[in-house]
>>> print(open('data-v9.cif').read())   # mmCIF, C-alpha atoms
data_query
loop_
_atom_site.label_atom_id
_atom_site.label_comp_id
_atom_site.auth_asym_id
_atom_site.auth_seq_id
_atom_site.Cartn_x
_atom_site.Cartn_y
_atom_site.Cartn_z
CA MET A 872 -190.65 -101.07 -46.62
CA LEU A 873 -187.17 -100.30 -47.84
CA TRP A 874 -184.11 -101.65 -49.57
CA ILE A 875 -180.49 -100.98 -48.71
CA GLU A 876 -177.96 -100.44 -51.51
CA ALA A 877 -174.41 -101.69 -51.06
CA PRO A 878 -171.52 -99.47 -52.15
CA GLN A 879 -170.13 -100.21 -55.62
CA ASP A 880 -166.64 -100.72 -54.22
CA PRO A 881 -166.51 -104.07 -52.34
CA ALA A 882 -163.84 -102.65 -50.00
CA GLY A 883 -166.30 -99.98 -48.85
CA ARG A 884 -168.97 -102.47 -47.82
CA ARG A 885 -167.55 -102.81 -44.32
CA ASP A 886 -168.38 -99.15 -43.68
CA LEU A 887 -172.13 -99.07 -42.99
CA ASN A 888 -172.20 -95.29 -43.47
CA ARG A 889 -171.55 -95.88 -47.19
CA TRP A 890 -174.70 -97.98 -47.63
CA ALA A 891 -177.74 -96.09 -48.98
CA VAL A 892 -181.30 -96.61 -47.71
CA HIS A 893 -184.14 -96.29 -50.27
CA PHE A 894 -187.85 -96.51 -49.49
CA ILE A 895 -189.98 -98.83 -51.58
CA ASP A 896 -193.04 -97.66 -49.63
CA PRO A 897 -192.52 -95.33 -46.66
CA GLN A 898 -196.14 -95.90 -45.55
CA GLN A 899 -195.81 -99.72 -45.38
CA TRP A 900 -194.42 -100.35 -41.92
CA SER A 901 -195.09 -104.09 -41.83
CA GLY A 902 -193.96 -106.48 -44.55
CA HIS A 903 -194.89 -109.95 -43.32
CA GLY A 904 -194.66 -112.67 -45.90
CA SER A 905 -192.71 -110.74 -48.54
CA VAL A 906 -190.88 -112.38 -51.44
CA LEU A 907 -188.78 -111.20 -54.39
CA ALA A 908 -190.08 -112.27 -57.82
CA ASP A 909 -190.49 -110.86 -61.32
CA VAL A 910 -194.28 -110.42 -61.15
CA ASP A 911 -194.61 -108.34 -64.33
CA ALA A 912 -192.07 -110.33 -66.39
CA ASP A 913 -189.95 -107.27 -67.24
CA GLY A 914 -186.68 -108.72 -65.95
CA GLY A 915 -186.59 -106.81 -62.64
CA LEU A 916 -187.19 -108.32 -59.21
CA ASP A 917 -190.42 -106.96 -57.76
CA VAL A 918 -191.54 -107.34 -54.13
CA ALA A 919 -194.77 -109.22 -53.37
CA LEU A 920 -196.24 -109.36 -49.89
CA ALA A 921 -199.24 -110.63 -47.98
CA ASN A 922 -199.55 -108.17 -45.15
CA HIS A 923 -202.20 -109.48 -42.78
CA ASP A 924 -201.35 -109.53 -39.11
CA PHE A 925 -203.03 -109.20 -35.74
CA ASP A 926 -201.63 -105.69 -35.25
CA ASN A 927 -202.71 -104.23 -38.61
CA ARG A 928 -205.53 -101.74 -38.32
CA ALA A 929 -208.78 -102.24 -40.24
CA GLY A 930 -208.28 -101.58 -43.93
CA GLU A 931 -204.48 -102.10 -43.84
CA ARG A 932 -204.46 -105.83 -44.61
CA THR A 933 -203.29 -106.34 -48.18
CA VAL A 934 -201.92 -108.69 -50.75
CA ALA A 935 -199.79 -106.42 -52.91
CA TRP A 936 -196.75 -106.22 -55.14
CA TYR A 937 -194.34 -103.38 -55.70
CA GLU A 938 -193.08 -102.80 -59.23
CA ASN A 939 -189.32 -102.51 -59.49
CA PRO A 940 -188.52 -99.53 -61.74
CA ARG A 941 -185.57 -101.54 -63.12
CA ASN A 942 -181.91 -101.58 -62.24
CA GLU A 943 -180.69 -98.76 -64.49
CA SER A 944 -183.37 -96.30 -63.41
CA ASP A 945 -182.92 -93.50 -60.88
CA ALA A 946 -186.58 -94.14 -60.00
CA ARG A 947 -185.43 -97.12 -57.90
CA GLN A 948 -184.41 -94.56 -55.29
CA ALA A 949 -187.98 -93.18 -55.03
CA PRO A 950 -191.04 -95.08 -53.75
CA TRP A 951 -192.07 -97.85 -56.14
CA SER A 952 -195.52 -98.21 -57.73
CA VAL A 953 -197.76 -100.45 -55.65
CA HIS A 954 -200.39 -102.82 -57.05
CA GLU A 955 -203.01 -104.19 -54.63
CA PRO A 956 -205.08 -107.09 -55.92
CA TYR A 957 -206.57 -107.43 -52.43
CA ARG A 958 -207.29 -105.16 -49.47
CA GLY A 959 -209.65 -106.29 -46.72
CA ASP A 960 -210.06 -107.60 -43.21
CA GLU A 961 -211.46 -111.10 -43.63
CA LEU A 962 -208.17 -112.95 -43.03
CA HIS A 963 -205.05 -112.44 -40.95
CA THR A 964 -202.09 -113.96 -39.07
CA LYS A 965 -198.75 -113.53 -40.77
CA PRO A 966 -199.32 -115.28 -44.07
CA GLN A 967 -196.74 -116.01 -46.66
CA VAL A 968 -197.07 -115.29 -50.35
CA ALA A 969 -195.48 -117.06 -53.30
CA VAL A 970 -195.25 -115.96 -56.92
CA ASP A 971 -195.35 -118.47 -59.76
CA ASP A 972 -197.27 -119.33 -62.92
CA LEU A 973 -199.72 -121.83 -61.44
CA ASP A 974 -201.90 -122.29 -64.52
CA ARG A 975 -199.02 -122.17 -67.03
CA ASP A 976 -200.42 -119.26 -69.03
CA GLY A 977 -197.13 -117.32 -68.98
CA ARG A 978 -198.18 -114.86 -66.24
CA LYS A 979 -197.09 -114.92 -62.59
CA ASP A 980 -199.89 -115.57 -60.08
CA LEU A 981 -199.97 -114.89 -56.32
CA VAL A 982 -200.67 -117.77 -53.92
CA GLY A 983 -200.46 -118.26 -50.18
CA VAL A 984 -201.94 -119.74 -47.03
CA LEU A 985 -203.89 -117.77 -44.44
CA VAL A 986 -205.55 -118.59 -41.14
CA PRO A 987 -209.09 -117.13 -41.11
CA ALA A 988 -210.03 -114.27 -38.83
CA GLN A 989 -212.77 -114.44 -36.23
CA GLY A 990 -214.48 -117.69 -37.10
CA ASP A 991 -214.71 -117.38 -40.89
CA LEU A 992 -213.66 -121.05 -40.95
CA PRO A 993 -213.57 -123.60 -38.12
CA GLY A 994 -210.43 -123.45 -35.98
CA ASP A 995 -208.94 -126.58 -37.54
CA ARG A 996 -209.03 -125.18 -41.06
CA ALA A 997 -207.01 -122.79 -43.14
CA ALA A 998 -207.58 -120.90 -46.35
CA VAL A 999 -205.45 -120.89 -49.49
CA PHE A 1000 -205.63 -117.85 -51.70
CA TRP A 1001 -204.77 -117.93 -55.37
CA MET A 1002 -204.93 -114.70 -57.29
CA ARG A 1003 -204.74 -115.59 -60.96
CA ASN A 1004 -202.92 -113.01 -63.07
CA GLU A 1005 -205.20 -112.04 -65.95
CA GLY A 1006 -202.58 -109.69 -67.44
CA GLY A 1007 -202.35 -105.93 -67.47
CA ASP A 1008 -202.25 -105.65 -63.64
CA VAL A 1009 -205.58 -107.50 -63.26
CA PHE A 1010 -205.72 -110.38 -60.79
CA ASP A 1011 -208.78 -112.64 -60.60
CA ARG A 1012 -210.19 -112.26 -57.12
CA GLY A 1013 -212.81 -114.91 -57.88
CA SER A 1014 -210.16 -117.58 -57.41
CA ARG A 1015 -209.02 -115.92 -54.20
CA LEU A 1016 -209.96 -118.45 -51.52
CA ARG A 1017 -209.89 -122.20 -51.54
CA ARG A 1018 -210.74 -124.01 -48.31
CA LEU A 1019 -208.67 -126.88 -46.97
CA ARG A 1020 -209.53 -129.53 -44.44
CA GLY A 1021 -207.46 -129.12 -41.29
CA ARG A 1022 -205.44 -131.82 -39.63
CA SER A 1023 -206.73 -133.46 -36.47
#
>>> encode(input="data-v9.cif", output="structure tokens")
Amino acid sequence: MLWIEAPQDPAGRRDLNRWAVHFIDPQQWSGHGSVLADVDADGGLDVALANHDFDNRAGERTVAWYENPRNESDARQAPWSVHEPYRGDELHTKPQVAVDDLDRDGRKDLVGVLVPAQGDLPGDRAAVFWMRNEGGDVFDRGSRLRRLRGRS
């Protein structure tokens, strides 16, 4: 996962050689379902992702967010700190993740929809995950899955 920095001078933006590439996580090669949001409420845009896909190897499926070291920091050019409220293999198939304060407690939660892997739910059903932010980088995994009735 990476971000590409535009040159300061707008006239130089047509020259792609002047753009700088920075790695958020050089080990994260797949970023399905990523979104920009201020997860930690520090004013910087963080990156949240739900990275479950058919081609991920066992143990690589995650719901994670990367902490932006803030705009004025040189640390933005180094890999960002990763926070993983979930890592497992029970669900997959290119989910999306959203970040918002679902329970109105002032902290950003993670929510998304997943299709279950290998018969965890009947084929006409899906799973909704909600990871409630308890504060201090703790997300409630007990609220992780809610089952929905599928459409016929």
>>> atom_distance(input="data-v9.cif", atom1="CA of Ser901 in chain A", atom2="CA of Ala921 in chain A")
9.9 Å
>>> atom_distance(input="data-v9.cif", atom1="CA of Arg885 in chain A", atom2="CA of Ala908 in chain A")
27.9 Å
>>> closest_residue(input="data-v9.cif", among="A:Gln879, A:Pro956, A:Leu973, A:Arg889", to="Asp1011 in chain A", atoms="all atoms listed in the file")
A:Pro956
>>> resolve_selection(input="data-v9.cif", expression="the PyMOL selection byres ((chain A and resi 894-898) around 10)", output="PyMOL selection string")
chain A and resi 872-875+892-893+899-901+918+937-939+947-953
>>> closest_residue(input="data-v9.cif", among="A:Gly904, A:Gly914, A:Glu955, A:Gly977", to="Met1002 in chain A", atoms="only C-alpha atoms")
A:Glu955
>>> build_atoms(input="data-v9.cif", residues="range 887-904 of chain A", atoms="N, CA, C and O atoms", output="compact mmCIF listing (two decimals), in the coordinates of the input")
# COMPACT_ATOMS: atom_id res chain seq x y z
N LEU A 887 -170.67 -99.16 -42.86
CA LEU A 887 -172.13 -99.07 -42.99
C LEU A 887 -172.61 -97.67 -43.35
O LEU A 887 -173.71 -97.52 -43.87
N ASN A 888 -171.82 -96.66 -43.10
CA ASN A 888 -172.20 -95.29 -43.47
C ASN A 888 -172.22 -95.09 -44.98
O ASN A 888 -172.79 -94.12 -45.46
N ARG A 889 -171.59 -95.99 -45.72
CA ARG A 889 -171.55 -95.88 -47.19
C ARG A 889 -172.72 -96.59 -47.86
O ARG A 889 -172.88 -96.50 -49.07
N TRP A 890 -173.51 -97.31 -47.09
CA TRP A 890 -174.70 -97.98 -47.63
C TRP A 890 -175.83 -96.95 -47.72
O TRP A 890 -175.99 -96.10 -46.86
N ALA A 891 -176.64 -97.04 -48.78
CA ALA A 891 -177.74 -96.09 -48.98
C ALA A 891 -179.08 -96.77 -48.75
O ALA A 891 -179.32 -97.87 -49.24
N VAL A 892 -179.96 -96.10 -48.01
CA VAL A 892 -181.30 -96.61 -47.71
C VAL A 892 -182.29 -95.96 -48.67
O VAL A 892 -182.29 -94.73 -48.83
N HIS A 893 -183.12 -96.78 -49.33
CA HIS A 893 -184.14 -96.29 -50.27
C HIS A 893 -185.49 -96.87 -49.86
O HIS A 893 -185.60 -98.07 -49.57
N PHE A 894 -186.51 -96.04 -49.86
CA PHE A 894 -187.85 -96.51 -49.49
C PHE A 894 -188.59 -97.04 -50.70
O PHE A 894 -188.73 -96.35 -51.70
N ILE A 895 -189.07 -98.26 -50.59
CA ILE A 895 -189.98 -98.83 -51.58
C ILE A 895 -191.37 -98.27 -51.33
O ILE A 895 -192.07 -97.87 -52.23
N ASP A 896 -191.76 -98.23 -50.05
CA ASP A 896 -193.04 -97.66 -49.63
C ASP A 896 -192.88 -97.16 -48.19
O ASP A 896 -192.90 -97.95 -47.26
N PRO A 897 -192.72 -95.84 -48.00
CA PRO A 897 -192.52 -95.33 -46.66
C PRO A 897 -193.75 -95.48 -45.76
O PRO A 897 -193.64 -95.39 -44.54
N GLN A 898 -194.91 -95.73 -46.34
CA GLN A 898 -196.14 -95.90 -45.55
C GLN A 898 -196.35 -97.35 -45.10
O GLN A 898 -197.17 -97.61 -44.23
N GLN A 899 -195.64 -98.29 -45.71
CA GLN A 899 -195.81 -99.72 -45.38
C GLN A 899 -194.83 -100.08 -44.27
O GLN A 899 -193.66 -100.32 -44.51
N TRP A 900 -195.32 -100.11 -43.05
CA TRP A 900 -194.42 -100.35 -41.92
C TRP A 900 -194.30 -101.83 -41.56
O TRP A 900 -193.47 -102.22 -40.76
N SER A 901 -195.13 -102.66 -42.13
CA SER A 901 -195.09 -104.09 -41.83
C SER A 901 -195.06 -104.86 -43.14
O SER A 901 -195.91 -104.65 -43.99
N GLY A 902 -194.10 -105.75 -43.29
CA GLY A 902 -193.96 -106.48 -44.55
C GLY A 902 -193.93 -107.98 -44.35
O GLY A 902 -193.06 -108.65 -44.90
N HIS A 903 -194.86 -108.51 -43.55
CA HIS A 903 -194.89 -109.95 -43.32
C HIS A 903 -195.09 -110.69 -44.63
O HIS A 903 -195.86 -110.27 -45.48
N GLY A 904 -194.43 -111.80 -44.76
CA GLY A 904 -194.66 -112.67 -45.90
C GLY A 904 -194.21 -112.10 -47.23
O GLY A 904 -194.82 -112.37 -48.25
